[in-house]
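One file, query.tsv, carrying TSV, C-alpha atoms:
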```tsv
chain	number	residue	atom	x	y	z
W	1	LEU	CA	0.00	0.00	0.00
W	2	GLY	CA	2.96	2.32	0.61
W	3	THR	CA	1.31	4.21	3.47
W	4	THR	CA	-0.45	3.48	6.74
W	5	ALA	CA	-4.15	2.83	6.23
W	6	SER	CA	-6.23	4.58	8.89
W	7	ASN	CA	-10.03	4.34	8.75
W	8	THR	CA	-9.77	3.73	5.02
W	9	THR	CA	-12.06	1.82	2.65
W	10	ILE	CA	-10.50	0.25	-0.43
W	11	ASP	CA	-12.49	-1.39	-3.25
W	12	LEU	CA	-10.21	-3.32	-5.58
W	13	GLY	CA	-13.03	-4.31	-7.94
W	14	GLY	CA	-12.80	-7.46	-10.07
W	15	GLY	CA	-9.79	-9.61	-10.85
W	16	ALA	CA	-7.36	-11.42	-8.58
W	17	ASP	CA	-6.15	-8.85	-6.06
W	18	ARG	CA	-3.59	-8.99	-3.26
W	19	LEU	CA	-3.25	-6.13	-0.80
W	20	VAL	CA	-0.12	-5.98	1.40
W	21	LEU	CA	-0.27	-3.43	4.19
W	22	LEU	CA	2.59	-1.29	5.45
W	23	ASP	CA	4.61	-2.96	8.18
W	24	SER	CA	5.64	0.14	10.14
W	25	ASN	CA	2.43	1.18	11.89
W	26	THR	CA	-1.11	0.15	12.83
W	27	ASN	CA	-3.49	-0.29	9.87
W	28	MET	CA	-7.29	0.06	10.11
W	29	LEU	CA	-9.20	-0.52	6.90
W	30	THR	CA	-12.18	-2.05	5.16
W	31	VAL	CA	-11.51	-3.93	1.91
W	32	ALA	CA	-13.81	-5.09	-0.89
W	33	GLY	CA	-12.84	-7.18	-3.91
W	34	ALA	CA	-9.53	-8.52	-2.56
W	35	GLU	CA	-8.70	-12.22	-2.53
W	36	THR	CA	-5.69	-11.72	-0.20
W	37	VAL	CA	-5.06	-9.08	2.48
W	38	MET	CA	-1.76	-9.19	4.40
W	39	GLY	CA	-1.48	-7.18	7.62
W	40	GLY	CA	1.67	-5.71	9.10
W	41	SER	CA	3.62	-6.50	12.25
W	42	PHE	CA	1.65	-4.04	14.39
W	43	THR	CA	-1.94	-4.25	15.68
W	44	ASP	CA	-4.13	-4.15	12.57
W	45	ARG	CA	-7.91	-4.03	12.11
W	46	ILE	CA	-8.85	-5.54	8.75
W	47	THR	CA	-12.48	-5.89	7.67
W	48	VAL	CA	-13.39	-7.58	4.41
W	49	ILE	CA	-16.81	-6.95	2.87
W	50	GLY	CA	-18.64	-8.67	0.03
W	51	LEU	CA	-19.02	-12.20	-1.30
W	52	THR	CA	-15.45	-12.70	-2.53
W	53	PRO	CA	-13.74	-15.43	-0.44
W	54	ALA	CA	-10.64	-13.83	1.06
W	55	LEU	CA	-7.42	-14.90	2.75
W	56	ILE	CA	-6.90	-12.44	5.61
W	57	ARG	CA	-3.53	-12.61	7.40
W	58	GLY	CA	-2.92	-10.52	10.49
W	59	GLU	CA	0.79	-11.36	10.82
W	60	GLY	CA	2.19	-9.77	14.03
W	61	GLY	CA	0.40	-7.75	16.70
W	62	ASN	CA	-2.95	-8.18	18.43
W	63	ASP	CA	-5.04	-8.00	15.27
W	64	THR	CA	-8.79	-7.80	14.65
W	65	LEU	CA	-9.75	-9.68	11.49
W	66	VAL	CA	-13.31	-9.63	10.15
W	67	GLY	CA	-14.35	-11.72	7.17
W	68	GLY	CA	-17.11	-10.94	4.71
W	69	ASP	CA	-19.94	-13.03	3.30
W	70	GLY	CA	-17.68	-15.49	1.46
W	71	ALA	CA	-15.91	-18.59	2.71
W	72	ASP	CA	-12.93	-16.73	4.18
W	73	THR	CA	-9.62	-17.99	5.58
W	74	LEU	CA	-8.35	-16.06	8.59
W	75	VAL	CA	-4.77	-16.39	9.90
W	76	GLY	CA	-4.13	-14.27	12.97
W	77	GLY	CA	-0.41	-14.88	13.26
W	78	VAL	CA	1.52	-14.03	16.43
W	79	GLY	CA	-0.35	-12.01	19.05
W	80	ARG	CA	-3.72	-12.23	20.81
W	81	ASP	CA	-6.04	-11.90	17.83
W	82	LEU	CA	-9.80	-11.36	17.60
W	83	MET	CA	-11.30	-13.05	14.54
W	84	THR	CA	-14.80	-12.99	13.08
W	85	GLY	CA	-15.40	-15.12	10.00
W	86	GLY	CA	-18.72	-13.63	8.93
W	87	ALA	CA	-21.13	-15.58	6.74
W	88	GLY	CA	-19.90	-18.60	4.80
W	89	ALA	CA	-17.87	-21.68	5.72
W	90	ASP	CA	-14.79	-20.03	7.20
W	91	ARG	CA	-11.41	-21.50	8.11
W	92	PHE	CA	-9.36	-20.23	11.04
W	93	VAL	CA	-5.76	-21.32	10.44
W	94	PHE	CA	-2.94	-21.78	12.96
W	95	THR	CA	0.60	-22.67	11.84
W	96	ASN	CA	2.57	-22.38	15.08
W	97	ALA	CA	1.73	-23.13	18.72
W	98	VAL	CA	2.75	-19.59	19.77
W	99	GLU	CA	0.09	-18.04	17.50
W	100	SER	CA	-2.64	-18.92	20.01
W	101	SER	CA	-0.99	-20.05	23.21
W	102	VAL	CA	-2.57	-21.04	26.51
W	103	THR	CA	-1.61	-17.67	28.03
W	104	THR	CA	-2.55	-15.51	25.01
W	105	PRO	CA	-5.29	-17.37	23.11
W	106	ASP	CA	-6.94	-16.00	20.02
W	107	THR	CA	-10.70	-15.41	20.20
W	108	ILE	CA	-13.14	-16.41	17.47
W	109	THR	CA	-16.42	-14.54	17.86
W	110	ASP	CA	-18.71	-16.45	15.49
W	111	PHE	CA	-17.51	-20.04	15.09
W	112	GLN	CA	-20.29	-22.08	13.46
W	113	VAL	CA	-20.03	-25.71	14.59
W	114	GLY	CA	-20.35	-28.06	11.62
W	115	THR	CA	-19.68	-25.27	9.10
W	116	ASP	CA	-16.50	-23.42	10.08
W	117	LYS	CA	-13.18	-25.21	10.69
W	118	LEU	CA	-10.21	-24.76	13.00
W	119	VAL	CA	-7.23	-25.67	10.80
W	120	PHE	CA	-3.83	-26.62	12.22
W	121	ALA	CA	-1.00	-26.77	9.67
W	122	GLY	CA	2.24	-28.56	10.52
W	123	LEU	CA	1.30	-29.08	14.18
W	124	LEU	CA	0.23	-32.74	14.16
W	125	THR	CA	2.30	-35.25	16.16
W	126	ASN	CA	1.60	-38.81	14.96
W	127	SER	CA	-2.22	-38.92	15.01
W	128	PHE	CA	-5.09	-36.83	16.40
W	129	THR	CA	-7.65	-37.67	19.08
W	130	TRP	CA	-10.60	-35.50	20.11
W	131	ARG	CA	-10.98	-35.85	23.91
W	132	GLY	CA	-14.28	-33.93	24.26
W	133	ALA	CA	-14.33	-32.80	27.89
W	134	GLY	CA	-11.86	-35.53	28.92
W	135	THR	CA	-8.29	-35.07	30.09
W	136	PHE	CA	-5.20	-35.40	27.93
W	137	THR	CA	-3.57	-38.83	27.98
W	138	GLY	CA	0.08	-37.90	27.30
W	139	ALA	CA	0.28	-40.86	24.90
W	140	GLY	CA	2.54	-39.08	22.37
W	141	ASN	CA	-0.19	-38.03	19.92
W	142	THR	CA	-1.84	-34.67	19.28
W	143	GLU	CA	-5.01	-34.25	21.33
W	144	ALA	CA	-7.64	-31.54	21.75
W	145	ARG	CA	-10.43	-31.01	24.25
W	146	LEU	CA	-13.09	-28.45	25.07
W	147	SER	CA	-13.00	-26.78	28.48
W	148	GLY	CA	-15.93	-24.38	28.74
W	149	GLN	CA	-15.58	-22.23	25.63
W	150	THR	CA	-11.85	-22.87	25.17
W	151	VAL	CA	-10.39	-25.46	22.82
W	152	GLN	CA	-7.22	-26.70	24.53
W	153	LEU	CA	-4.54	-28.28	22.32
W	154	ASP	CA	-1.77	-30.70	23.24
W	155	PHE	CA	0.29	-30.50	20.05
W	156	ASP	CA	3.24	-32.67	21.11
W	157	GLY	CA	1.31	-35.37	22.96
W	158	ASN	CA	2.95	-34.81	26.36
W	159	GLY	CA	-0.36	-34.42	28.22
W	160	VAL	CA	-0.04	-30.62	28.63
W	161	ALA	CA	-1.82	-27.97	26.55
W	162	GLU	CA	0.53	-25.80	24.46
W	163	GLY	CA	-2.23	-24.01	22.56
W	164	ALA	CA	-5.74	-22.68	23.12
W	165	VAL	CA	-8.49	-21.00	21.10
W	166	PHE	CA	-11.39	-19.21	22.82
W	167	LEU	CA	-14.75	-19.59	21.07
W	168	SER	CA	-16.91	-16.67	22.16
W	169	SER	CA	-20.55	-17.74	22.24
W	170	SER	CA	-23.65	-16.91	24.22
W	171	SER	CA	-24.85	-20.53	24.02
W	172	PRO	CA	-23.17	-23.86	24.89
W	173	ILE	CA	-20.69	-25.10	22.29
W	174	SER	CA	-21.09	-28.64	20.94
W	175	LEU	CA	-17.72	-28.87	19.20
W	176	SER	CA	-16.45	-32.25	17.97
W	177	GLY	CA	-13.33	-33.61	16.30
W	178	ILE	CA	-14.75	-32.99	12.79
W	179	ASP	CA	-14.57	-29.25	13.45
W	180	LEU	CA	-10.74	-29.49	13.59
W	181	VAL	CA	-8.60	-30.13	10.50
W	182	TRP	CA	-4.94	-31.20	10.60
W	183	ILE	CA	-2.78	-30.61	7.52
```

Let me see whether you can do it: turn the structure in this file into structure tokens.
Amino acid sequence: LGTTASNTTIDLGGGADRLVLLDSNTNMLTVAGAETVMGGSFTDRITVIGLTPALIRGEGGNDTLVGGDGADTLVGGVGRDLMTGGAGADRFVFTNAVESSVTTPDTITDFQVGTDKLVFAGLLTNSFTWRGAGTFTGAGNTEARLSGQTVQLDFDGNGVAEGAVFLSSSSPISLSGIDLVWI
């Protein structure tokens, strides 16, 4: 973009568009018509509008990412991120345990059980077991469980949670193993 975006709306129209935001300050913008939006290393607020499915990457900082009406992919990156997928079958992607740790978990405000997916790339150890509300076994495999509204993740299979994702909801969450994808 070449400059800090502050309370800016950008409509990129048709075509395959990629918007990379300046990495030297906080960016706050609304974007339409972009297939990819890359945040900077500071605390960004990125809102995508419209039906175009978008990849929204927060990168560093405590970002706020808001998807549009398409099937969006949101990647918060490092920091305590707040993510809203919007309408559509959205994917919330995590590629490193520190991106949403037990002490600084990301929050997803509108996770739709059975429609949206929590995606974990490169974090699987051996195989995966959904524990529901049960305890971790420490059997050397990746495990996940639901504690209240928090998905706790034992990535290395040692019986201790290294990651967590908070699912903000006003009603009880009936998450199951099919809502998590391991790639």

*Within 8 Å of (-13.0, -23.0, 25.3), only C-alpha atoms: residues as a list of chain:residue names?*
W:Leu146, W:Ser147, W:Gly148, W:Gln149, W:Thr150, W:Val151, W:Gln152, W:Ala164, W:Val165, W:Phe166, W:Leu167

_List the spatial neighbours of segment 126-142 of chain W as a ChimeraX atom specification - criterion: any atom at most 10 Å away, all atoms listed in the file, same-chain residues fewer than 3 positions off excluded._
/W:123,145-148,151-161,174-182

*Please indicate the distance in Å from atom CA of Thr30 of chain W to atom CA of Gly85 of chain W, rounded to one decimal place.*
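Value for the atom CA of Thr30 of chain W-atom CA of Gly85 of chain W distance: 14.3 Å.
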
_What's the separation between atom CA of Thr64 of chain W and atom CA of Leu124 of chain W, in Å to one decimal place?_
26.5 Å

*Give me, please, the distance in Å between atom CA of Pro105 of chain W and atom CA of Arg57 of chain W, quoted to one decimal.*
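Distance between the two atoms: 16.5 Å.
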
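Across W:Ser169, W:Asp69, W:Gly61, W:Leu82, the tightest approach to Phe111 of chain W is made by W:Ser169 when counting only C-alpha atoms.
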
*Residues at most 6 Å from Asp116 of chain W, counting only C-alpha atoms, excluding those fewer than 2 positions away in the same chain, as a ChimeraX atom specification?*
/W:89-91,112

*With distances taken over all atoms listed in the file, which of W:Leu65, W:Val75, W:Ala144, W:Leu29 is nearest to Thr109 of chain W?*
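Result for the nearest residue to Thr109 of chain W: W:Leu65.
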
*Check the smallest atom-to-atom distance from each of W:Val66, W:Ala32, W:Ile173, W:Val78 to Ile46 of chain W using all atoms listed in the file, then report the winner.*
W:Val66
